[in-house]
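Pasted below: start21.txt, compact mmCIF, C-alpha atoms and all ligand atoms.
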```
# COMPACT_ATOMS: atom_id res chain seq x y z
CA MET A 1 108.16 103.57 27.81
CA ASN A 2 105.52 102.67 25.28
CA GLN A 3 104.13 105.97 24.02
CA ARG A 4 101.27 104.34 22.17
CA SER A 5 98.21 106.53 22.54
CA THR A 6 94.62 105.31 22.63
CA PRO A 7 93.19 105.50 19.13
CA PRO A 8 90.60 108.29 18.87
CA VAL A 9 86.99 107.12 18.57
CA GLN A 10 85.80 107.44 14.98
CA PRO A 11 83.06 110.10 14.52
CA SER A 12 80.59 107.46 13.30
CA LYS A 13 81.30 105.28 16.37
CA ARG A 14 80.93 108.32 18.61
CA SER A 15 77.51 109.15 17.27
CA THR A 16 76.41 105.51 17.62
CA ILE A 17 77.51 105.54 21.27
CA PHE A 18 75.74 108.87 21.80
CA TYR A 19 72.47 107.59 20.28
CA LEU A 20 72.66 104.36 22.27
CA LEU A 21 73.15 106.35 25.49
CA LEU A 22 70.30 108.69 24.60
CA LEU A 23 68.06 105.73 23.81
CA SER A 24 68.82 104.02 27.10
CA VAL A 25 68.09 107.26 29.03
CA LEU A 26 64.77 107.65 27.16
CA VAL A 27 63.82 104.01 27.70
CA SER A 28 64.51 104.22 31.44
CA LEU A 29 62.66 107.57 31.74
CA THR A 30 59.61 106.19 29.94
CA ALA A 31 59.73 103.05 32.07
CA SER A 32 59.93 105.03 35.31
CA CYS A 33 57.04 107.34 34.24
CA ALA A 34 54.93 104.33 33.28
CA GLN A 35 55.80 102.68 36.58
CA LYS A 36 54.83 105.84 38.51
CA THR A 37 51.51 106.19 36.66
CA TRP A 38 50.77 102.54 37.28
CA ASP A 39 51.73 102.88 40.96
CA ILE A 40 49.46 105.93 41.40
CA ASN A 41 46.58 104.10 39.71
CA ARG A 42 47.12 101.16 42.03
CA TYR A 43 47.35 103.56 45.01
CA ILE A 44 44.06 105.23 44.01
CA HIS A 45 42.46 101.84 43.62
CA ALA A 46 43.61 100.85 47.12
CA LEU A 47 42.27 104.08 48.67
CA GLU A 48 38.93 103.74 46.90
CA ARG A 49 38.31 100.03 47.31
CA PRO A 50 34.81 99.49 48.78
CA GLU A 51 36.12 97.06 51.45
CA ARG A 52 38.00 99.98 53.02
CA ASP A 53 34.67 101.24 54.40
CA GLN A 54 34.45 98.25 56.73
CA HIS A 55 37.31 99.43 58.93
CA GLN A 56 37.38 103.11 57.92
CA GLN A 57 33.72 103.68 58.77
CA PRO A 58 33.64 107.00 56.90
CA GLU A 59 30.05 107.91 57.75
CA LYS A 60 30.72 107.36 61.45
CA VAL A 61 33.91 109.44 61.18
CA ILE A 62 31.98 112.28 59.53
CA GLU A 63 29.28 112.10 62.20
CA ALA A 64 31.91 112.19 64.97
CA LEU A 65 33.51 115.28 63.43
CA ASN A 66 30.31 117.21 63.83
CA LEU A 67 30.81 119.40 60.75
CA THR A 68 28.24 122.05 60.01
CA PRO A 69 27.33 123.94 56.83
CA GLY A 70 29.58 126.89 56.11
CA MET A 71 32.67 125.35 57.68
CA MET A 72 36.11 125.47 56.12
CA VAL A 73 38.07 122.21 56.15
CA ILE A 74 41.66 121.59 55.05
CA ASP A 75 42.21 118.02 53.91
CA ILE A 76 45.97 117.46 53.97
CA GLY A 77 47.14 114.51 51.87
CA ALA A 78 43.63 114.35 50.45
CA GLY A 79 44.62 111.64 47.97
CA SER A 80 41.85 110.31 45.76
CA GLY A 81 39.25 112.26 47.76
CA TYR A 82 37.77 109.50 49.91
CA PHE A 83 37.15 112.10 52.66
CA THR A 84 37.25 115.24 50.48
CA ARG A 85 33.95 114.23 48.84
CA ARG A 86 32.31 113.66 52.21
CA PHE A 87 33.60 116.98 53.56
CA ALA A 88 32.31 118.78 50.45
CA LYS A 89 28.83 117.40 51.20
CA SER A 90 29.02 118.31 54.91
CA VAL A 91 30.14 121.93 54.51
CA GLY A 92 27.39 122.72 52.02
CA ASP A 93 27.47 125.38 49.33
CA LYS A 94 28.54 128.12 51.74
CA GLY A 95 31.47 126.11 53.04
CA GLN A 96 34.84 125.28 51.55
CA VAL A 97 37.28 122.40 51.45
CA ILE A 98 40.94 122.75 50.57
CA ALA A 99 42.42 119.50 49.27
CA ILE A 100 46.20 119.43 49.49
CA ASP A 101 48.48 116.76 48.07
CA VAL A 102 51.98 116.32 46.71
CA GLU A 103 50.73 114.20 43.78
CA GLN A 104 49.03 116.01 40.91
CA LYS A 105 47.49 112.73 39.70
CA MET A 106 45.77 112.26 43.06
CA LEU A 107 44.35 115.79 42.85
CA ASN A 108 43.18 115.19 39.26
CA TYR A 109 41.33 112.04 40.25
CA ASN A 110 39.91 113.76 43.35
CA LYS A 111 38.64 116.68 41.24
CA GLY A 112 37.17 114.33 38.62
CA GLU A 113 35.10 112.51 41.23
CA LEU A 114 33.89 115.79 42.76
CA LYS A 115 32.87 117.04 39.31
CA LYS A 116 30.77 113.89 38.84
CA LEU A 117 28.98 114.80 42.08
CA GLY A 118 28.62 118.44 41.02
CA LEU A 119 30.59 119.51 44.10
CA ALA A 120 33.94 120.58 42.63
CA ASN A 121 33.08 124.27 43.18
CA ARG A 122 33.24 123.67 46.95
CA VAL A 123 36.83 122.44 46.79
CA ARG A 124 40.13 124.16 46.08
CA PHE A 125 42.91 121.83 44.98
CA VAL A 126 46.45 122.64 46.03
CA LEU A 127 49.53 120.85 44.76
CA ALA A 128 52.04 121.33 47.56
CA GLU A 129 55.69 120.69 48.25
CA LYS A 130 56.29 117.95 50.82
CA GLU A 131 56.98 120.61 53.48
CA GLY A 132 53.45 121.92 52.93
CA PRO A 133 52.14 125.26 51.71
CA THR A 134 52.42 128.42 53.79
CA PHE A 135 49.20 128.44 55.75
CA SER A 136 47.50 131.70 56.67
CA GLY A 137 44.10 133.30 57.14
CA ASN A 138 43.02 131.91 60.53
CA ASN A 139 39.76 130.85 58.90
CA ALA A 140 39.81 127.03 58.96
CA ASP A 141 37.58 125.11 61.34
CA MET A 142 39.47 121.86 60.86
CA VAL A 143 42.76 120.60 59.49
CA PHE A 144 42.36 116.90 58.75
CA LEU A 145 44.93 114.19 58.04
CA CYS A 146 43.90 110.59 57.44
CA ASP A 147 46.76 108.13 56.97
CA VAL A 148 49.07 111.02 56.11
CA TYR A 149 50.90 111.74 59.37
CA HIS A 150 53.33 108.88 58.85
CA HIS A 151 54.15 110.18 55.35
CA LEU A 152 55.31 113.58 56.57
CA GLU A 153 59.05 114.05 56.87
CA ASP A 154 59.08 116.58 59.69
CA GLN A 155 55.76 116.10 61.40
CA ILE A 156 56.31 118.62 64.21
CA ASP A 157 57.24 121.48 61.86
CA TYR A 158 54.52 120.57 59.36
CA LEU A 159 51.78 120.61 61.99
CA ALA A 160 53.16 123.69 63.78
CA ASN A 161 52.95 125.49 60.42
CA THR A 162 49.23 124.76 60.10
CA LYS A 163 48.40 126.97 63.11
CA PRO A 164 48.05 130.20 61.06
CA ALA A 165 45.32 128.41 59.06
CA LEU A 166 43.14 127.73 62.07
CA LYS A 167 40.39 129.82 63.60
CA PRO A 168 40.99 130.38 67.34
CA ASN A 169 38.58 127.51 68.08
CA GLY A 170 39.80 125.39 65.15
CA ARG A 171 41.17 121.86 65.52
CA VAL A 172 43.56 119.40 63.93
CA VAL A 173 42.28 115.87 63.43
CA ILE A 174 44.67 112.99 62.92
CA ILE A 175 43.64 109.48 61.94
CA ASP A 176 46.41 106.99 61.31
CA TYR A 177 47.15 103.31 61.61
CA TYR A 178 48.23 101.93 64.97
CA ALA A 179 51.94 101.14 64.86
CA ASP A 180 51.26 97.66 66.26
CA ALA A 181 49.23 94.51 65.61
CA ARG A 182 45.91 96.42 65.83
CA SER A 183 46.42 97.88 62.34
CA GLY A 184 46.24 94.36 60.89
CA THR A 185 47.71 93.44 57.52
CA LEU A 186 48.73 96.49 55.50
CA GLY A 187 50.00 96.68 51.94
CA PHE A 188 53.17 98.42 53.19
CA SER A 189 55.79 98.07 55.91
CA LYS A 190 54.74 99.16 59.39
CA GLN A 191 58.16 100.57 60.18
CA HIS A 192 57.17 104.14 59.22
CA LEU A 193 53.98 104.13 61.25
CA VAL A 194 53.92 106.44 64.27
CA SER A 195 52.42 105.34 67.57
CA LYS A 196 49.48 107.23 69.03
CA GLU A 197 51.60 108.22 72.05
CA GLN A 198 54.32 109.64 69.79
CA VAL A 199 51.76 111.66 67.80
CA ILE A 200 50.43 113.17 71.04
CA LYS A 201 54.00 114.06 72.12
CA ASP A 202 54.84 115.52 68.69
CA MET A 203 51.66 117.56 68.68
CA GLU A 204 52.47 118.96 72.12
CA GLN A 205 55.81 120.08 70.71
CA ALA A 206 54.02 121.57 67.71
CA GLY A 207 51.84 123.59 70.10
CA PHE A 208 48.67 121.49 70.29
CA THR A 209 46.81 119.74 73.10
CA LEU A 210 44.78 116.57 72.75
CA SER A 211 41.12 117.57 73.12
CA LYS A 212 39.26 114.42 72.12
CA GLU A 213 39.92 110.79 71.29
CA HIS A 214 37.47 108.64 69.34
CA THR A 215 37.99 104.94 69.87
CA PHE A 216 35.55 103.25 67.48
CA LEU A 217 37.99 102.66 64.61
CA PRO A 218 39.49 99.18 64.99
CA ARG A 219 42.76 99.73 63.13
CA GLN A 220 43.48 103.44 63.54
CA TYR A 221 43.67 106.04 66.27
CA PHE A 222 41.43 109.07 65.75
CA LEU A 223 42.60 112.14 67.66
CA GLU A 224 41.48 115.76 67.86
CA PHE A 225 43.83 118.55 68.93
CA VAL A 226 43.36 122.24 69.68
CA PRO A 227 46.06 124.91 69.85
CA THR A 228 47.62 124.94 73.30
CA GLN A 229 46.51 127.99 75.27
CA THR A 230 49.40 130.18 76.30
CA LYS A 231 49.34 132.75 79.11
CA ASP A 232 49.23 135.55 76.52
CA ASP A 233 46.13 134.12 74.74
CA GLY A 234 43.69 135.54 77.30
CA ARG A 235 45.18 139.04 77.37
CA ALA A 236 43.45 141.85 75.56
CA GLY A 237 45.34 144.26 73.30
C1 LIG B 301 47.49 106.92 52.36
S1 LIG B 301 47.06 108.28 51.35
C2 LIG B 301 45.65 108.92 52.22
C3 LIG B 301 44.70 109.68 51.34
C4 LIG B 301 43.45 110.21 52.02
N1 LIG B 301 43.75 111.04 53.15
C5 LIG B 301 42.56 109.07 52.45
O1 LIG B 301 42.34 108.89 53.65
O2 LIG B 301 42.07 108.37 51.57
C6 LIG B 301 48.32 109.45 51.69
C7 LIG B 301 48.28 110.68 50.79
O3 LIG B 301 49.17 111.66 51.31
C8 LIG B 301 49.87 112.26 50.25
N2 LIG B 301 51.09 112.83 50.80
C9 LIG B 301 52.25 112.19 51.10
N3 LIG B 301 53.14 113.06 51.60
C10 LIG B 301 52.52 114.26 51.64
C11 LIG B 301 52.93 115.57 52.06
N4 LIG B 301 54.14 115.81 52.54
N5 LIG B 301 52.03 116.58 51.94
C12 LIG B 301 50.80 116.36 51.44
N6 LIG B 301 50.36 115.14 51.02
C13 LIG B 301 51.23 114.11 51.13
C14 LIG B 301 50.06 111.14 49.25
O4 LIG B 301 50.33 111.64 47.95
C15 LIG B 301 48.72 110.42 49.36
O5 LIG B 301 47.78 110.98 48.46
```

Let's see the structure in the file written out as structure tokens.
Amino acid sequence: MNQRSTPPVQPSKRSTIFYLLLLSVLVSLTASCAQKTWDINRYIHALERPERDQHQQPEKVIEALNLTPGMMVIDIGAGSGYFTRRFAKSVGDKGQVIAIDVEQKMLNYNKGELKKLGLANRVRFVLAEKEGPTFSGNNADMVFLCDVYHHLEDQIDYLANTKPALKPNGRVVIIDYYADARSGTLGFSKQHLVSKEQVIKDMEQAGFTLSKEHTFLPRQYFLEFVPTQTKDDGRAG
């Protein structure tokens, strides 16, 4: 048998290989960070584009929500702040908005825009894990999700976990794109969209009942839910 062993790599060759490997790791890390920053900037641009107002009808949405000064609103997946800014105006200086997102860059942009309006003191920014923060306090009038439901990994658990945030008469509002032709051309695949009927079923499992449906948005459903009353809810003590 040929006992020839593989010649050991020379120290100088070893260090060259090491530096080449290190360089390629650094190059790919820098590239992926740059790509992510660019993607987020593009995402923000898409959320903030003025043409969005045509189908999103934000002023009509705000009017339909019937918010009053002093309210507390939780904006889940607040993104660039398209709705956060409007909520901050509606709740007034005695109210509060909590803007939650999984992307720090979204929160930074959101905060920057609120500062320009002099309203940042009405908003608390929360960077959350994708499972959501632990909600508590029973002091929120509304938990709001616009175009976020389809991003959540476990929608039923996520929404069930928001219950401890809500006042007894609080509500959860979900706006999202129709999972069919009504949503029109989107910049992403429709395969992750969730139908209105499925959202209603999920929410029932999460312990909520549909209380209102607004039908004026052409491309999205707009649903309001309240916690489902259980037999025990009416009992004193
Ligand atoms: C399509 S944008 C909508 C932003 C905003 N609601 C609006 O209507 O302009 C979706 C946002 O949800 C955030 N998001 C995705 N998954 C999330 C999760 N698990 N928890 C909180 N935010 C999430 C994204 O980072 C993004 O900012």

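Note that CA of Glu153 in chain A and atom N5 of ligand LIG 301 (chain B) are 8.9 Å apart.
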
Quiz item: Within 8 Å of ligand LIG 301 (chain B), counting all atoms listed in the file: which residues, as a ChimeraX atom specification?
Solution: /A:43,47-48,75-83,100-103,106,128-132,145-148,151-153

Can you list every residue of range 81-162 of chain A that has an atom at most 8 Å from range 65-70 of chain A, with its nearest atom pair and the distance in Å to one decimal, using all atoms listed in the file, ordered by chain then number, as a tab-separated table?
```
residue	atom	partner	partner_atom	distance
A:Ser90	CA	A:Pro69	CA	6.2
A:Val91	CA	A:Pro69	CA	4.2
A:Gly92	CA	A:Pro69	CA	5.0
A:Asp93	CA	A:Gly70	CA	7.3
A:Lys94	CA	A:Gly70	CA	4.7
A:Gly95	CA	A:Gly70	CA	3.7
A:Gln96	CA	A:Gly70	CA	7.1
```

Exercise. Pick out the residues sitting within 12 Å of Met203 in chain A, and hand them over as a ChimeraX atom specification; count all atoms listed in the file, and ignore anything fewer than 5 positions along from it in its own chain.
Key: /A:149,154-163,171-174,196-198,208-211,223-228

Practice problem: Compile the contact shell of Ala64 in chain A as a ChimeraX atom specification: residues with an atom at most 10 Å away, counting all atoms listed in the file, same-chain residues fewer than 5 positions apart removed. | Solution: /A:58-59,214,216

Next, dump the selected residues to file, keeping only C-alpha atoms, as a short mmCIF file (atom, residue, chain, number, x, y, z; two decimals), keeping the file's coordinate frame.
```cif
data_model
loop_
_atom_site.label_atom_id
_atom_site.label_comp_id
_atom_site.auth_asym_id
_atom_site.auth_seq_id
_atom_site.Cartn_x
_atom_site.Cartn_y
_atom_site.Cartn_z
CA PRO A 58 33.64 107.00 56.90
CA GLU A 59 30.05 107.91 57.75
CA HIS A 214 37.47 108.64 69.34
CA PHE A 216 35.55 103.25 67.48
#
```

Quiz prompt | Sel. within 10 Å of pt (39.6, 113.5, 44.6), counting all atoms listed in the file, output as a list in words | solution =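 In the file's frame, the residues around the point are Ile44, Ala78, Gly79, Ser80, Gly81, Tyr82, Phe83, Thr84, Arg85, Ala99, Lys105, Met106, Leu107, Asn108, Tyr109, Asn110, Lys111, Gly112, Glu113, Leu114, Lys115, Ala120, Val123 and Phe125 of chain A.
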
Which centre and edge lengths in Å to one decimal define the box along x, y and z that fits every listed atom of range 107-121 of chain A plus 5 Å per side, as lines of an AutoDock Vina configuration file?
```
center_x = 36.5
center_y = 118.2
center_z = 41.4
size_x = 25.7
size_y = 22.2
size_z = 15.5
```

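Ranking A:Lys60, A:Gly207, A:Lys212, A:Glu51 by their shortest atom-to-atom distance to Thr230 in chain A, with all atoms listed in the file included, puts A:Gly207 first.
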
Practice problem: Find the residues with any atom within 12 Å of (41.3, 99.8, 69.3); use all atoms listed in the file and the coordinates as given in the file, and write the answer as JSON, numbers by chain. | Solution: {"A": [55, 176, 177, 178, 179, 180, 181, 182, 183, 184, 196, 213, 214, 215, 216, 217, 218, 219, 220, 221, 222]}

Exercise. Give me, please, the distance in Å between CA of Lys89 in chain A and CA of Glu63 in chain A, quoted to one decimal.
Key: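 About the pair CA of Lys89 in chain A and CA of Glu63 in chain A: they are 12.2 Å apart.
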
Quiz prompt | Residue among A:Leu193, A:Ile98, A:Ile74, A:Val126 lying closest to Gly170 in chain A, counting only C-alpha atoms | solution =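 Closest candidate: A:Ile74.
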
Quiz item: Which distance in Å separates CA of Thr134 in chain A and CA of Ala46 in chain A, to one decimal?
Solution: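 Separation of CA of Thr134 in chain A and CA of Ala46 in chain A: 29.7 Å.
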
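Considering only C-alpha atoms, the residue among A:Leu186, A:Leu127, A:Met72, A:Leu21 positioned nearest to Met142 in chain A is A:Met72.
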